[in-house]
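Colleague: Okay, so here is entry_10.txt, and as you'll see once you scroll down, it has compact mmCIF, C-alpha atoms.
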# COMPACT_ATOMS: atom_id res chain seq x y z
CA MET K 7 92.58 -33.32 158.87
CA LYS K 8 89.23 -32.05 157.53
CA PRO K 9 87.81 -33.98 154.67
CA PRO K 10 88.02 -32.08 151.34
CA PHE K 11 84.20 -32.28 150.87
CA PRO K 12 81.42 -32.35 153.42
CA SER K 13 79.74 -35.64 153.95
CA SER K 14 76.58 -36.28 151.91
CA SER K 15 74.41 -36.59 155.03
CA SER K 16 75.37 -33.15 156.40
CA ALA K 17 74.75 -31.51 152.98
CA VAL K 18 71.23 -32.93 152.75
CA LEU K 19 70.44 -31.72 156.28
CA ARG K 20 71.53 -28.18 155.44
CA LYS K 21 69.47 -28.11 152.19
CA ALA K 22 66.37 -29.31 154.00
CA ARG K 23 66.28 -26.36 156.36
CA PHE K 24 63.33 -23.96 155.61
CA SER K 25 63.59 -20.22 155.99
CA PRO K 26 60.85 -18.60 158.11
CA PHE K 27 59.53 -16.76 155.02
CA LEU K 28 59.18 -19.94 152.96
CA PHE K 29 57.47 -21.74 155.83
CA THR K 30 54.96 -18.91 156.23
CA LEU K 31 54.20 -18.87 152.47
CA LEU K 32 53.60 -22.62 152.31
CA ALA K 33 51.40 -22.49 155.38
CA PHE K 34 49.30 -19.72 153.81
CA ILE K 35 48.88 -21.65 150.55
CA PHE K 36 47.87 -24.76 152.50
CA PHE K 37 45.33 -22.78 154.52
CA VAL K 38 43.77 -21.21 151.38
CA ALA K 39 43.63 -24.61 149.68
CA ILE K 40 41.74 -26.09 152.62
CA LEU K 41 39.34 -23.16 152.89
CA TYR K 42 38.58 -22.56 149.21
CA GLY K 43 39.72 -25.72 147.50
CA GLU K 44 36.24 -26.92 146.63
CA ASP K 45 35.35 -23.56 145.14
CA PHE K 46 38.41 -23.67 142.93
CA MET K 47 37.52 -27.18 141.87
CA CYS K 48 33.95 -26.07 141.13
CA ILE K 49 35.15 -23.26 138.92
CA LEU K 50 37.24 -25.76 137.04
CA GLY K 51 34.03 -27.74 136.51
CA GLN K 52 35.12 -30.75 138.56
CA LEU K 53 32.65 -30.40 141.43
CA GLU K 54 29.16 -28.98 141.99
CA PRO K 55 29.05 -25.64 143.85
CA ILE K 56 28.78 -25.74 147.61
CA PRO K 57 25.18 -24.85 148.53
CA GLY K 58 24.89 -21.41 150.10
CA ARG K 59 28.28 -20.15 148.99
CA ALA K 60 28.40 -17.57 146.17
CA ILE K 61 31.06 -18.05 143.55
CA SER K 62 32.37 -15.23 141.40
CA ARG K 63 32.48 -16.20 137.75
CA PRO K 64 33.66 -14.13 134.81
CA VAL K 65 30.59 -12.90 132.86
CA LYS K 66 30.88 -12.21 129.17
CA LYS K 67 29.56 -8.73 128.49
CA ARG K 68 26.61 -8.78 126.09
CA GLU K 69 27.32 -6.93 122.89
CA LYS K 70 25.39 -3.67 122.70
CA LEU K 71 23.03 -3.55 119.76
CA PRO K 72 23.25 -0.58 117.38
CA PHE K 73 20.87 2.33 118.22
CA ALA K 74 20.16 0.97 121.72
CA ILE K 75 20.05 3.66 124.42
CA GLY K 76 18.79 1.47 127.24
CA LYS K 77 17.18 -1.88 127.91
CA SER K 78 13.69 -3.15 128.58
CA GLU K 79 12.46 -3.93 132.07
CA GLU K 80 13.64 -7.28 133.41
CA GLY K 81 11.13 -10.01 132.56
CA CYS K 82 8.94 -7.69 130.47
CA ASP K 83 7.35 -9.19 127.36
CA ILE K 84 5.96 -6.18 125.51
CA PHE K 85 4.02 -8.46 123.14
CA SER K 86 1.94 -9.97 125.94
CA GLY K 87 -0.74 -7.69 127.33
CA ARG K 88 -4.17 -6.20 126.72
CA TRP K 89 -5.82 -3.31 124.91
CA VAL K 90 -6.99 -0.37 127.03
CA LYS K 91 -9.22 2.52 125.92
CA ASP K 92 -7.25 5.77 125.75
CA GLU K 93 -9.11 8.82 124.50
CA LEU K 94 -6.44 11.22 125.78
CA THR K 95 -3.41 10.15 123.76
CA ARG K 96 -5.02 8.28 120.85
CA PRO K 97 -4.91 8.55 117.92
CA LEU K 98 -1.24 9.54 117.61
CA TYR K 99 -2.13 11.64 114.53
CA GLU K 100 -5.24 12.44 112.48
CA GLU K 101 -5.99 10.78 109.17
CA SER K 102 -6.54 14.17 107.52
CA GLU K 103 -3.13 15.40 108.75
CA CYS K 104 -1.13 12.73 106.91
CA PRO K 105 -1.34 13.04 103.11
CA TYR K 106 0.85 9.96 102.61
CA ILE K 107 -1.78 7.37 103.56
CA GLN K 108 -2.83 5.48 100.45
CA PRO K 109 -6.59 5.49 99.71
CA GLN K 110 -6.86 1.79 100.57
CA LEU K 111 -6.35 2.72 104.24
CA THR K 112 -8.14 6.06 104.69
CA CYS K 113 -11.27 4.67 106.32
CA GLN K 114 -12.70 8.00 107.48
CA GLU K 115 -12.42 9.51 104.02
CA TYR K 116 -14.40 6.60 102.61
CA GLY K 117 -17.24 6.82 105.05
CA ARG K 118 -16.45 4.79 108.16
CA PRO K 119 -18.98 6.17 110.68
CA ASP K 120 -17.04 5.49 113.91
CA THR K 121 -13.57 6.38 115.22
CA GLU K 122 -13.43 4.09 118.24
CA TYR K 123 -10.91 1.80 116.53
CA GLN K 124 -8.38 4.65 116.77
CA LYS K 125 -8.59 4.97 120.55
CA TRP K 126 -6.99 1.80 121.85
CA ARG K 127 -3.53 1.60 123.42
CA TRP K 128 -1.51 -1.58 123.94
CA GLN K 129 -0.62 -2.22 127.59
CA PRO K 130 1.91 -5.02 128.28
CA HIS K 131 1.41 -7.10 131.42
CA GLY K 132 3.49 -5.88 134.35
CA CYS K 133 5.37 -3.13 132.51
CA ASP K 134 4.87 -0.15 130.21
CA LEU K 135 5.58 0.39 126.56
CA PRO K 136 7.97 3.32 126.00
CA SER K 137 6.19 6.34 124.50
CA PHE K 138 6.95 6.88 120.84
CA ASN K 139 9.43 9.76 120.65
CA ALA K 140 9.36 11.23 117.15
CA THR K 141 12.27 13.59 117.86
CA LEU K 142 14.50 10.74 119.02
CA MET K 143 13.59 8.67 115.98
CA LEU K 144 14.37 11.54 113.60
CA GLU K 145 17.69 12.32 115.28
CA THR K 146 18.60 8.62 115.07
CA LEU K 147 17.75 8.53 111.36
CA LYS K 148 20.16 11.36 110.50
CA GLY K 149 22.24 10.23 107.55
CA LYS K 150 20.52 6.81 107.64
CA ARG K 151 18.19 4.65 105.56
CA MET K 152 15.23 2.81 107.06
CA MET K 153 13.50 0.30 104.81
CA PHE K 154 10.40 -1.88 105.09
CA VAL K 155 10.50 -4.92 102.77
CA GLY K 156 7.55 -7.19 102.04
CA ASP K 157 3.91 -6.93 101.04
CA SER K 158 1.15 -4.32 101.33
CA LEU K 159 0.89 -4.88 105.09
CA ASN K 160 4.50 -3.83 105.48
CA ARG K 161 3.73 -0.87 103.23
CA GLY K 162 1.02 0.08 105.71
CA GLN K 163 3.52 -0.07 108.58
CA CYS K 164 5.96 2.04 106.57
CA VAL K 165 3.29 4.69 105.93
CA SER K 166 2.37 4.62 109.62
CA MET K 167 6.00 5.40 110.50
CA ILE K 168 6.00 8.30 108.05
CA CYS K 169 2.78 9.66 109.55
CA LEU K 170 4.26 9.45 113.05
CA LEU K 171 7.24 11.58 111.99
CA HIS K 172 6.31 13.91 109.15
CA ARG K 173 4.66 16.62 111.28
CA LEU K 174 8.08 17.59 112.63
CA ILE K 175 9.46 18.13 109.12
CA PRO K 176 8.83 21.45 107.30
CA GLU K 177 6.82 21.05 104.11
CA ASP K 178 9.69 21.99 101.79
CA GLU K 179 12.07 19.57 103.53
CA LYS K 180 10.22 16.34 102.73
CA SER K 181 9.10 14.48 99.63
CA MET K 182 7.82 11.09 98.50
CA GLU K 183 8.67 9.43 95.20
CA THR K 184 8.28 6.00 93.64
CA TYR K 185 10.67 4.08 91.39
CA ASN K 186 10.86 0.83 89.40
CA ASN K 187 7.13 0.72 88.58
CA ASP K 188 6.20 1.46 92.19
CA ALA K 189 8.37 -1.36 93.55
CA LEU K 190 10.32 1.20 95.60
CA THR K 191 8.77 4.09 97.50
CA VAL K 192 11.13 6.62 99.09
CA PHE K 193 10.15 9.27 101.65
CA ARG K 194 13.00 11.79 101.94
CA LEU K 195 13.73 13.84 105.02
CA LYS K 196 16.05 16.33 103.35
CA ASN K 197 17.25 18.27 106.38
CA TYR K 198 18.13 14.97 108.07
CA ASN K 199 19.71 13.43 104.97
CA ALA K 200 17.56 10.39 105.74
CA THR K 201 15.04 8.17 103.97
CA ILE K 202 12.17 5.90 105.01
CA GLU K 203 11.56 3.41 102.21
CA PHE K 204 9.25 0.60 101.19
CA TYR K 205 10.30 -2.15 98.81
CA TRP K 206 7.71 -4.51 97.30
CA ALA K 207 8.79 -8.17 97.63
CA PRO K 208 5.81 -10.18 98.94
CA PHE K 209 7.82 -13.44 99.07
CA LEU K 210 11.25 -11.80 99.65
CA LEU K 211 12.40 -14.21 96.93
CA GLU K 212 11.82 -13.61 93.21
CA SER K 213 8.31 -14.61 92.15
CA ASN K 214 5.72 -14.12 89.43
CA SER K 215 3.97 -11.63 91.74
CA ASP K 216 6.79 -9.08 91.85
CA ASN K 217 5.00 -6.41 89.84
CA ALA K 218 3.97 -3.87 92.48
CA ILE K 219 0.95 -2.78 90.43
CA VAL K 220 -0.27 -5.91 88.64
CA HIS K 221 0.24 -8.87 90.95
CA ARG K 222 -3.11 -10.53 91.49
CA ILE K 223 -1.98 -13.95 90.34
CA SER K 224 -3.69 -17.02 91.76
CA ASP K 225 -1.10 -19.49 90.44
CA ARG K 226 1.85 -18.16 92.41
CA ILE K 227 5.39 -19.38 91.75
CA VAL K 228 8.51 -18.62 93.79
CA LYS K 229 12.05 -19.05 92.47
CA LYS K 230 14.41 -20.98 94.72
CA GLY K 231 17.61 -19.25 95.85
CA SER K 232 16.70 -15.93 94.26
CA ILE K 233 16.79 -13.45 97.15
CA ASN K 234 19.59 -11.43 95.54
CA LYS K 235 17.16 -10.36 92.79
CA HIS K 236 15.57 -8.05 95.36
CA GLY K 237 18.35 -8.01 97.92
CA LYS K 238 20.60 -5.83 95.77
CA HIS K 239 18.16 -2.98 96.49
CA TRP K 240 18.43 -3.46 100.26
CA LYS K 241 22.19 -3.08 100.54
CA GLY K 242 23.33 -0.06 102.50
CA VAL K 243 20.18 0.12 104.61
CA ASP K 244 20.73 0.84 108.31
CA ILE K 245 17.39 -0.32 109.77
CA LEU K 246 15.65 -3.10 107.84
CA VAL K 247 12.14 -4.41 108.60
CA PHE K 248 11.02 -7.60 106.82
CA ASN K 249 7.64 -9.24 106.59
CA THR K 250 6.24 -12.07 104.47
CA TYR K 251 3.26 -14.30 105.16
CA LEU K 252 -0.03 -13.52 103.46
CA TRP K 253 1.11 -14.32 99.92
CA TRP K 254 2.17 -17.82 100.94
CA MET K 255 -1.37 -18.69 102.03
CA THR K 256 -2.69 -20.10 98.74
CA GLY K 257 -3.24 -23.63 99.98
CA LEU K 258 -1.29 -26.52 101.43
CA GLU K 259 1.38 -26.45 98.72
CA MET K 260 3.53 -23.92 96.89
CA LYS K 261 5.10 -24.08 93.45
CA ILE K 262 8.88 -23.66 93.46
CA LEU K 263 10.81 -22.80 90.29
CA LYS K 264 14.29 -24.32 90.11
CA GLY K 265 15.48 -22.56 86.95
CA SER K 266 14.62 -19.18 85.46
CA PHE K 267 11.30 -17.55 84.65
CA GLU K 268 12.73 -16.95 81.17
CA ASP K 269 13.22 -20.68 80.49
CA ASP K 270 10.87 -22.13 77.88
CA ASP K 271 10.82 -25.47 79.66
CA LYS K 272 10.45 -24.56 83.34
CA GLU K 273 11.26 -27.04 86.10
CA ILE K 274 8.62 -26.51 88.77
CA ILE K 275 8.11 -28.67 91.84
CA LYS K 276 5.46 -28.59 94.54
CA VAL K 277 6.37 -28.55 98.23
CA SER K 278 4.37 -27.98 101.37
CA THR K 279 3.75 -24.35 102.22
CA GLU K 280 5.71 -24.79 105.44
CA ASP K 281 8.77 -26.14 103.58
CA ALA K 282 8.57 -23.33 101.04
CA TYR K 283 8.31 -20.74 103.79
CA ARG K 284 11.27 -22.33 105.63
CA MET K 285 13.30 -22.00 102.43
CA ALA K 286 12.52 -18.27 102.29
CA MET K 287 13.39 -17.73 105.96
CA ARG K 288 16.76 -19.44 105.55
CA SER K 289 17.48 -17.40 102.42
CA MET K 290 16.67 -14.20 104.30
CA LEU K 291 18.98 -15.12 107.19
CA ARG K 292 21.82 -15.98 104.81
CA TRP K 293 21.38 -12.65 103.03
CA VAL K 294 21.44 -10.75 106.33
CA ARG K 295 24.59 -12.58 107.44
CA LYS K 296 26.42 -11.72 104.23
CA ASN K 297 25.22 -8.15 103.72
CA MET K 298 24.40 -6.48 107.04
CA ASP K 299 27.02 -5.14 109.46
CA ARG K 300 25.85 -6.30 112.88
CA LYS K 301 27.85 -3.51 114.56
CA LYS K 302 26.12 -0.74 112.65
CA THR K 303 22.74 -2.02 111.47
CA ARG K 304 19.55 -3.57 112.88
CA VAL K 305 17.23 -6.08 111.25
CA PHE K 306 13.63 -6.78 112.30
CA PHE K 307 11.11 -9.38 111.22
CA THR K 308 7.40 -8.73 111.70
CA SER K 309 5.30 -11.84 112.32
CA MET K 310 2.15 -12.66 110.41
CA SER K 311 -0.69 -10.18 110.39
CA PRO K 312 -3.99 -11.95 111.22
CA THR K 313 -7.18 -11.72 109.19
CA HIS K 314 -10.77 -11.82 110.42
CA GLY K 315 -12.70 -13.44 107.61
CA LYS K 316 -14.80 -15.90 109.65
CA SER K 317 -16.91 -14.55 112.49
CA ILE K 318 -17.57 -18.06 113.79
CA ASP K 319 -13.93 -18.02 114.98
CA TRP K 320 -14.87 -15.54 117.72
CA GLY K 321 -18.39 -16.79 118.34
CA GLY K 322 -20.17 -14.65 115.76
CA LYS K 323 -22.89 -15.58 113.33
CA PRO K 324 -21.96 -17.87 110.41
CA GLY K 325 -21.37 -16.06 107.14
CA GLU K 326 -20.14 -12.82 108.71
CA ASN K 327 -16.67 -11.33 108.91
CA CYS K 328 -14.99 -8.09 110.00
CA TYR K 329 -17.68 -5.94 108.38
CA ASN K 330 -19.50 -3.79 110.92
CA GLN K 331 -17.32 -5.01 113.78
CA THR K 332 -16.66 -2.25 116.32
CA THR K 333 -15.63 -4.21 119.43
CA LEU K 334 -12.51 -6.18 120.34
CA ILE K 335 -12.16 -9.91 120.93
CA GLU K 336 -11.82 -10.34 124.71
CA ASP K 337 -10.63 -13.94 124.82
CA LEU K 338 -6.88 -13.60 125.51
CA ASN K 339 -6.31 -17.10 124.09
CA TYR K 340 -8.07 -16.33 120.81
CA TRP K 341 -6.34 -17.57 117.67
CA GLY K 342 -8.19 -17.31 114.36
CA SER K 343 -8.41 -20.19 111.91
CA ASP K 344 -6.82 -18.02 109.21
CA SER K 345 -3.54 -17.74 111.15
CA ARG K 346 -1.43 -20.85 110.64
CA LYS K 347 0.36 -21.90 113.79
CA SER K 348 2.53 -24.15 111.63
CA ILE K 349 4.05 -21.04 110.04
CA MET K 350 4.78 -19.53 113.45
CA LYS K 351 6.43 -22.84 114.33
CA VAL K 352 8.65 -22.62 111.25
CA ILE K 353 9.68 -19.06 112.19
CA GLY K 354 10.52 -20.15 115.73
CA GLU K 355 12.47 -23.17 114.51
CA VAL K 356 14.57 -21.29 111.96
CA PHE K 357 15.25 -18.27 114.15
CA SER K 358 16.16 -20.34 117.21
CA LYS K 359 18.91 -22.13 115.28
CA SER K 360 20.37 -18.93 113.90
CA LYS K 361 23.12 -16.83 115.48
CA ILE K 362 22.21 -13.86 113.29
CA PRO K 363 20.84 -11.01 115.44
CA ILE K 364 17.33 -10.37 114.04
CA THR K 365 14.72 -8.80 116.31
CA PHE K 366 11.35 -10.55 116.11
CA LEU K 367 8.27 -8.30 116.29
CA ASN K 368 5.55 -10.67 117.43
CA ILE K 369 2.44 -8.69 116.46
CA THR K 370 0.21 -11.69 115.67
CA GLN K 371 -1.54 -12.35 118.98
CA LEU K 372 -2.11 -8.72 119.95
CA SER K 373 -3.47 -7.99 116.45
CA SER K 374 -5.77 -11.02 116.59
CA TYR K 375 -7.95 -9.24 119.15
CA ARG K 376 -8.59 -6.33 116.73
CA LYS K 377 -11.41 -7.46 114.47
CA ASP K 378 -12.62 -3.86 114.64
CA ALA K 379 -9.56 -2.28 113.05
CA HIS K 380 -9.73 -3.53 109.44
CA THR K 381 -10.55 -1.30 106.48
CA SER K 382 -13.60 -3.45 105.73
CA ILE K 383 -15.64 -1.64 103.02
CA TYR K 384 -14.28 1.82 103.90
CA LYS K 385 -11.57 2.18 101.26
CA LYS K 386 -11.08 3.03 97.62
CA GLN K 387 -12.50 0.31 95.41
CA TRP K 388 -10.38 -0.10 92.29
CA ASN K 389 -13.15 -1.87 90.39
CA PRO K 390 -16.85 -0.88 90.26
CA LEU K 391 -18.94 -2.87 92.71
CA THR K 392 -21.72 -5.04 91.34
CA PRO K 393 -25.34 -4.68 92.54
CA GLU K 394 -24.94 -8.04 94.31
CA GLN K 395 -21.87 -6.80 96.21
CA LEU K 396 -23.54 -3.55 97.18
CA ALA K 397 -26.47 -5.55 98.53
CA ASN K 398 -24.11 -7.70 100.63
CA PRO K 399 -21.17 -5.68 102.06
CA VAL K 400 -19.73 -8.80 103.74
CA SER K 401 -18.88 -10.10 100.26
CA TYR K 402 -16.34 -7.37 99.53
CA ALA K 403 -15.16 -6.33 103.00
CA ASP K 404 -11.37 -6.19 103.30
CA CYS K 405 -10.51 -8.10 106.46
CA VAL K 406 -6.78 -8.13 105.73
CA HIS K 407 -5.62 -4.51 105.76
CA TRP K 408 -5.86 -2.02 108.62
CA CYS K 409 -7.19 1.55 108.85
CA LEU K 410 -4.70 4.36 109.53
CA PRO K 411 -4.38 5.78 112.07
CA GLY K 412 -4.92 2.58 113.98
CA LEU K 413 -3.41 -0.77 114.83
CA GLN K 414 -0.23 -0.45 112.75
CA ASP K 415 0.82 2.61 114.76
CA THR K 416 1.12 0.20 117.68
CA TRP K 417 3.35 -2.04 115.58
CA ASN K 418 5.68 0.92 115.20
CA GLU K 419 5.55 1.66 118.92
CA LEU K 420 6.77 -1.90 119.44
CA LEU K 421 9.45 -1.40 116.78
CA PHE K 422 10.52 1.81 118.55
CA ALA K 423 10.75 -0.02 121.88
CA LYS K 424 12.86 -2.85 120.46
CA LEU K 425 15.10 -0.48 118.51
CA PHE K 426 16.04 1.72 121.47
CA TYR K 427 15.35 -0.55 124.48
CA PRO K 428 16.14 -4.12 123.37
In structure tokens, write the structure found in this file.
Modeller:
Amino acid sequence: MKPPFPSSSSAVLRKARFSPFLFTLLAFIFFVAILYGEDFMCILGQLEPIPGRAISRPVKKREKLPFAIGKSEEGCDIFSGRWVKDELTRPLYEESECPYIQPQLTCQEYGRPDTEYQKWRWQPHGCDLPSFNATLMLETLKGKRMMFVGDSLNRGQCVSMICLLHRLIPEDEKSMETYNNDALTVFRLKNYNATIEFYWAPFLLESNSDNAIVHRISDRIVKKGSINKHGKHWKGVDILVFNTYLWWMTGLEMKILKGSFEDDDKEIIKVSTEDAYRMAMRSMLRWVRKNMDRKKTRVFFTSMSPTHGKSIDWGGKPGENCYNQTTLIEDLNYWGSDSRKSIMKVIGEVFSKSKIPITFLNITQLSSYRKDAHTSIYKKQWNPLTPEQLANPVSYADCVHWCLPGLQDTWNELLFAKLFYP
């Protein structure tokens, strides 16, 4: 008689039998584990890669920046290079052709005898700067607002941009107007439904120098945490270009107001200029994070514009400055005493810790070579010059601002490159 159930030993033997398919699958898995096991472990971060063997890793696609149509050459630093003479393509426009240049910058009109300062082109090391394409810029600005925010140097860059574009706009399709006691200047491109604007805010924060007309105040005070005072006028802008530097250079310390300028008893503290500047940079970044759409807008920050007030900095005679200078500084390592490296360090420190996408336009070094490009004495003088000043032009030469056309057109070529080929 057969037992009602199979014995336990015979059941185990039957269960242990492998089908040919299962055996083949296990053998294949074992073979792959032996051959590529270390690679799998490396991907999991448990071992170092095997030298000589390439490993495929998932790469996170970099987010495309708004307005970008390409990218810069690999390893190309467009801010590192040299100036080359170019009499074929420079200047990019004539002073007399652009009626929007303010009289503080029209050097030819006010008697500058040479035009050589207009004929230099910036050449990056090992690569080329994209040519400024006015048509592309205008098409990109359709239905958009572009705004420059800062001091008179940023106003100069704004006017340069207008001069680079306005020739393509019919006379009856463009206009320029000012608002809020000249705090806001708006150039309208009517057929493009676009504007190029300048907003006066020399500290970005609220200050006692916010009057765009009357602001020559030696005892400068900046209000802490007050960027929204001006920032409300920047909302809705598509391309925003900030600058702030020169107005902070009043000494080693800055006065910071903790309350309101309307308070009878004002609480004012003194901090180092670097700490005050750091406060402004952080406020700017917070404002950008809260108010700018990173998928639709671009924000730029232009570094400090150098001055040339001491000729001994470049080996000149003591007591001289940019007056009568017609040549460039050839020392590629030149850095003037008027340009504070500590401020550049603050910018680098604050920006490096931020995840907010702001494009840095590092114009400081390349502009440092251009002691020839300042307005010097060739500008409108708002106050009559004294006999002593007339006898000594060095005493009233403007070694801060730049003639147009000139250096600031290059700043906009760099802006163009970073906008379309980041």
Colleague: Which residue, K:Ser137, K:Asn339, K:Tyr116, K:Ser401, has the smallest gap to Thr95 of chain K when you use only C-alpha atoms?
Modeller: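 Smallest separation from Thr95 of chain K among the options: K:Ser137.
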Colleague: Please report as a Markdown table every residue of segment 66-178 of chain K lying within 9 Å of segment 241-256 of chain K, along with the nearest atom pair and their distance in Å (one decimal), using all atoms listed in the file.
Modeller:
| residue | atom | partner | partner_atom | distance |
| --- | --- | --- | --- | --- |
| K:Leu147 | CA | K:Asp244 | CA | 8.8 |
| K:Lys150 | CA | K:Asp244 | CA | 6.0 |
| K:Arg151 | CA | K:Val243 | CA | 5.0 |
| K:Met152 | CA | K:Ile245 | CA | 4.7 |
| K:Met153 | CA | K:Leu246 | CA | 5.0 |
| K:Phe154 | CA | K:Val247 | CA | 4.7 |
| K:Val155 | CA | K:Phe248 | CA | 4.9 |
| K:Gly156 | CA | K:Asn249 | CA | 5.0 |
| K:Asp157 | CA | K:Thr250 | CA | 6.6 |
| K:Leu159 | CA | K:Asn249 | CA | 8.2 |
| K:Asn160 | CA | K:Asn249 | CA | 6.4 |
Colleague: Okay, now the selection with C-alpha atoms, as a compact mmCIF listing (two decimals), keeping the file's coordinate frame?
Modeller:
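Generated file (again.txt):
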# COMPACT_ATOMS: atom_id res chain seq x y z
CA LEU K 147 17.75 8.53 111.36
CA LYS K 150 20.52 6.81 107.64
CA ARG K 151 18.19 4.65 105.56
CA MET K 152 15.23 2.81 107.06
CA MET K 153 13.50 0.30 104.81
CA PHE K 154 10.40 -1.88 105.09
CA VAL K 155 10.50 -4.92 102.77
CA GLY K 156 7.55 -7.19 102.04
CA ASP K 157 3.91 -6.93 101.04
CA LEU K 159 0.89 -4.88 105.09
CA ASN K 160 4.50 -3.83 105.48
Colleague: Atom CA of Asn368 of chain K and atom CA of Leu410 of chain K are how many Å apart?
Modeller: 19.8 Å
Colleague: Nearest residue to Ser289 of chain K out of K:Leu190, K:Ile233, K:Met260, K:Leu195, using all atoms listed in the file?
Modeller: K:Ile233
Colleague: Could you check the closest approach to Ala379 of chain K for each of K:His407, K:Lys347, K:Lys424, K:Lys301 and tell me which residue wins, using all atoms listed in the file?
Modeller: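 Of the candidates, the smallest distance to Ala379 of chain K is held by K:His407.
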Colleague: Which of these residues is nearest to Arg194 of chain K, using all atoms listed in the file: K:Ser181, K:Asn398, K:Gln108, K:Thr333?
Modeller: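 The shortest atom-to-atom distance to Arg194 of chain K comes from K:Ser181.
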Colleague: What does the distance between atom CA of Tyr106 of chain K and atom CA of Val165 of chain K come to in Å, to one decimal place?
Modeller: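 So the two atoms, atom CA of Tyr106 of chain K and atom CA of Val165 of chain K, lie 6.7 Å apart.
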Colleague: How about completing segment 342-353 of chain K with N, CA, C and O atoms and giving it to me as a tab-separated table (two decimals), keeping the file's coordinate frame?
Modeller:
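Output contents, as saved in result.tsv:
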chain	number	residue	atom	x	y	z
K	342	GLY	N	-7.30	-17.08	115.48
K	342	GLY	CA	-8.19	-17.31	114.36
K	342	GLY	C	-7.76	-18.46	113.48
K	342	GLY	O	-6.57	-18.80	113.40
K	343	SER	N	-8.71	-19.04	112.78
K	343	SER	CA	-8.41	-20.19	111.91
K	343	SER	C	-7.60	-19.78	110.69
K	343	SER	O	-6.98	-20.63	110.04
K	344	ASP	N	-7.58	-18.49	110.37
K	344	ASP	CA	-6.82	-18.02	109.21
K	344	ASP	C	-5.33	-17.87	109.50
K	344	ASP	O	-4.53	-17.68	108.59
K	345	SER	N	-4.95	-17.91	110.78
K	345	SER	CA	-3.54	-17.74	111.15
K	345	SER	C	-2.93	-19.13	111.40
K	345	SER	O	-3.31	-19.81	112.34
K	346	ARG	N	-2.01	-19.51	110.56
K	346	ARG	CA	-1.43	-20.85	110.64
K	346	ARG	C	-0.36	-20.92	111.72
K	346	ARG	O	0.69	-20.30	111.62
K	347	LYS	N	-0.64	-21.70	112.74
K	347	LYS	CA	0.36	-21.90	113.79
K	347	LYS	C	1.58	-22.63	113.25
K	347	LYS	O	2.68	-22.47	113.78
K	348	SER	N	1.40	-23.41	112.20
K	348	SER	CA	2.53	-24.15	111.63
K	348	SER	C	3.56	-23.19	111.06
K	348	SER	O	4.77	-23.47	111.08
K	349	ILE	N	3.11	-22.04	110.56
K	349	ILE	CA	4.05	-21.04	110.04
K	349	ILE	C	4.81	-20.38	111.18
K	349	ILE	O	6.03	-20.16	111.10
K	350	MET	N	4.11	-20.09	112.28
K	350	MET	CA	4.78	-19.53	113.45
K	350	MET	C	5.82	-20.52	113.98
K	350	MET	O	6.90	-20.14	114.43
K	351	LYS	N	5.50	-21.80	113.88
K	351	LYS	CA	6.43	-22.84	114.33
K	351	LYS	C	7.69	-22.85	113.46
K	351	LYS	O	8.81	-23.00	113.97
K	352	VAL	N	7.51	-22.67	112.16
K	352	VAL	CA	8.65	-22.62	111.25
K	352	VAL	C	9.53	-21.42	111.60
K	352	VAL	O	10.77	-21.53	111.66
K	353	ILE	N	8.92	-20.27	111.84
K	353	ILE	CA	9.68	-19.06	112.19
K	353	ILE	C	10.49	-19.32	113.46
K	353	ILE	O	11.69	-19.03	113.52
